[in-house]
Amino acid sequence: MRRSLAELSPQEILWIAIRIEERNARIYENYAEMFEWYEPDVAQTFREMAREEREHGRRLSAMYAERYGDAACDLTEEEIREIVEAPVFEDGEAFIYDRARRHHAFEVGREAERRARAFYAEMAERATDAAVRALFRELAEIEAEHEAIFAHRLDEESARDPGDRAEP
Amino acid sequence: MREGYVLGLIPETWRFELTQFPWVRRLFKSRWMPLALILFNVFLFTLILMAGFFGGLMLPGNYNFGIMIVWILWWVLLMTVLVPVLSRFWCTMCPLPFLGEWLQRLRLFDVRYEKGRNPYFGLNKRWPKSLSNMWLMNILFLVTTFASGFFTVRPAATFVLLTAIIALAVALSLIYRARTFCLYVCPVSGFQGLYSNFALTEVRVKDPEICARHKQKGCVVGNEWGYGCPWLLLPYAFRRNTYCGMCFECLKTCEYDNMAVNLRPPGVDLLVDEKRGLDEAYKALIMLGIAIVFFVTFQGPWGTLKDWANAATLSGYLAFIGLHTSWNLIVLPAIFLLFVWLARRAAGQPVPLKKVYVNFSYATVPLGLAAWIAFSLGIILPNGSYLLHVLSDPFAWGWDLFGTAHFPWTPVFTGIMPYLMILTLLIGLLFSMDIAFKIARQTFAEPEAAVRGALPILGFLGAMTWGLMWLFVG
């Protein structure tokens, strides 16, 4: 039986937030593998994004260690009902039309961070426990920072290469 | 008509998962599927090539195994059953890219998986971006039809065509990645892709949430159970049949059994409002246009046109090519443009003309498919009995393998054939009208504008239907 993030304790929430960053890093590495043969530039971008996610995970781990020490939780990301911050490259025909570029990779990252920020913010609104609410707010702020990083890179990249299959 | 329902009857979201049955899933996950089907067709196409080679230029087409199997049986099955019902199931078992794919994988049955990836033999280059669309297939299909008058009467023409396709498929597979030939070059692939958007079958992801969490997408990069999508799709994300070659590798690679083969209502992919392009719009119009040319030339009462297509004289043949090309690339698209311009004007909405043109072109797909089904009826019903002859004597060497070598020419249902054709066409028109209304809703923001905008397109579809019906009964 999967549990909602809202049902967890602050310690468990932070634990899961770290797992989510780790999962995302793995997903970005897989995207890098997908794009390796096709567009090394995009693959490289996804690798950078994976490193970024690991860095996010390290920051959250430091926060966790500061608050809860070495105590581990017996909980995995798969046991959580909601899918938080999962980056999805959604253009199923991107390879066919040869249209995936670096800025698409950044869009995937920005969208994942935006969804995560919105999700944590909503959780903070709904939370009845003050400690949980504070943690969700904190996580939403962190995700907002991440979103801003990707948005900035996306702006830079879009200005450089808007190449895409023209819409009719 | 009710929103979200096909013909106001079936919910567009309705699906019946065939792979929910364990034996069906086992079948699709087996590496014998589709290899067994391909091997059977390799055997069959070897016979076809032999019949084409030995038949040469001499035999009449209706007594040649290659011609009868390819242009009577295969073509009719493709247009009447395979594409409308089973989507690109022909691509599942097509023997033409078999050699090329075997060379790429250096494996026939099992999966080559080394150091965490599927290595491929060959240069594995990317196909040029400027050709990453349907334009080349549009042109190649049109050019292939220039020789349509020979294919059905000269066994050597079929031999040359199939040999050239196999050679090209092998060459491209050694230079380019995966199924590049099938994706961008094969003349048959383009219309199958577009028309399979109407099909009753699909391969799709079951639960996108599972894919969202999944860290290692074997359906794209491959794993020890199968190859990453040879058709270069991202199987966890694609939304229309156009480029899904139904190789079922994604069913094999998915660790969560999260890919499914579904039955669905007809035409739903034509409503996917993304990835539409002018290349596909032209493909839709070219297919409709060629169906009309074929009716006029090969099933119409004008013997002169047929002589032109059969190259009785060089000047006549050049006239056929000129008229055929102009009609398909200029005249019909221009007529459609006129109706699209009227639609945009009637709707009174500031939508770019190109967008309106491209969007509405997808509404011609059911009618075009119906025209080809009707044309196929005009092939199989009068000529199907020849199949019994060639099955018994495939190389015209006097064999009588099944005791049917002397079966006389026996046309069937030719008396009611025009009515069957008209019925087919009217069904196609009905689906086309349904799609046209829905595309009008997608294209023009206001409902009233959409209704006004749809009317000229219905006029175009009606005019085409009327013209074809006149050809059937006239």
# chains A, B, ... in the order shown; residues from 1 in each chain; ligands from 1
$ residues_around --residues "Ile20 in chain A" --least-positions-apart "5" --cutoff "9 Å" --atoms "only C-alpha atoms" --output "MDAnalysis selection string"
chainID A and resid 15 25 57 77 84:86
$ closest_atom_pairs --of "chain A" --to "chain B" --cutoff "7 Å" --atoms "only C-alpha atoms" --output "Markdown table"
| residue | atom | partner | partner_atom | distance |
| --- | --- | --- | --- | --- |
| A:Arg23 | CA | B:Lys215 | CA | 6.7 |
| A:Arg26 | CA | B:Lys215 | CA | 5.7 |
| A:Ile27 | CA | B:Lys215 | CA | 4.6 |
| A:Asn30 | CA | B:Gln216 | CA | 5.7 |
| A:Met34 | CA | B:Val221 | CA | 5.7 |
| A:Tyr38 | CA | B:Arg126 | CA | 6.7 |
| A:Ala86 | CA | B:Ala212 | CA | 5.9 |
| A:Val88 | CA | B:Ala212 | CA | 6.2 |
| A:Glu90 | CA | B:Ala237 | CA | 5.6 |
| A:Asp91 | CA | B:Ala237 | CA | 6.5 |
| A:Gly92 | CA | B:Phe238 | CA | 4.0 |
| A:Glu93 | CA | B:Leu233 | CA | 5.4 |
| A:Phe95 | CA | B:Leu232 | CA | 5.8 |
| A:Ile96 | CA | B:Leu232 | CA | 6.0 |
| A:Tyr97 | CA | B:Ser132 | CA | 5.2 |
| A:Asp98 | CA | B:Lys129 | CA | 5.8 |
| A:Pro168 | CA | B:Lys355 | CA | 4.5 |
$ residues_around --residues "range 396-412 of chain B" --least-positions-apart "6" --cutoff "6 Å" --atoms "only C-alpha atoms" --output "PyMOL selection string"
chain B and resi 381-382+385+388-389
$ atom_distance --atom1 "CA of Ala347 in chain B" --atom2 "CA of Arg441 in chain B"
10.6 Å
$ residues_around --residues "Val160 in chain B" --least-positions-apart "5" --cutoff "9 Å" --atoms "only C-alpha atoms" --output "short mmCIF file (atom, residue, chain, number, x, y, z; two decimals) with C-alpha atoms, in the first residue's frame"
data_model
loop_
_atom_site.label_atom_id
_atom_site.label_comp_id
_atom_site.auth_asym_id
_atom_site.auth_seq_id
_atom_site.Cartn_x
_atom_site.Cartn_y
_atom_site.Cartn_z
CA LEU B 49 11.77 -13.04 -56.66
CA GLY B 52 9.84 -12.54 -61.18
CA PHE B 53 13.28 -13.52 -62.44
CA PRO B 155 7.26 -10.07 -63.75
CA ILE B 165 14.36 -2.11 -52.26
#
$ residues_around --residues "range 62-75 of chain A" --least-positions-apart "3" --cutoff "9 Å" --atoms "only C-alpha atoms" --output "NGL selection string"
:A and (11-12 or 14-16 or 18 or 57-59 or 78-80)
$ write_last_selection --atoms "C-alpha atoms" --output "mmCIF file, in the first residue's frame"
data_model
loop_
_atom_site.group_PDB
_atom_site.id
_atom_site.type_symbol
_atom_site.label_atom_id
_atom_site.label_comp_id
_atom_site.auth_asym_id
_atom_site.auth_seq_id
_atom_site.Cartn_x
_atom_site.Cartn_y
_atom_site.Cartn_z
ATOM 1 C CA GLN A 11 12.131 13.194 8.870
ATOM 2 C CA GLU A 12 10.542 10.811 6.358
ATOM 3 C CA LEU A 14 13.227 14.879 3.933
ATOM 4 C CA TRP A 15 14.465 11.324 3.489
ATOM 5 C CA ILE A 16 12.185 10.872 0.486
ATOM 6 C CA ILE A 18 16.787 13.041 -0.997
ATOM 7 C CA GLY A 57 20.637 15.582 -3.093
ATOM 8 C CA ARG A 58 23.875 16.325 -1.205
ATOM 9 C CA ARG A 59 22.465 19.595 0.093
ATOM 10 C CA GLU A 78 8.527 3.825 -4.839
ATOM 11 C CA GLU A 79 6.406 3.505 -1.693
ATOM 12 C CA ILE A 80 5.115 7.047 -2.103
#
$ atom_distance --atom1 "CA of Leu5 in chain A" --atom2 "CA of Glu111 in chain A"
20.2 Å
$ atom_distance --atom1 "CA of Lys306 in chain B" --atom2 "CA of Leu142 in chain B"
17.1 Å
$ closest_residue --among "A:Arg153, A:Met1, A:Pro10, A:Ala144" --to "Val132 in chain A" --atoms "only C-alpha atoms"
A:Pro10
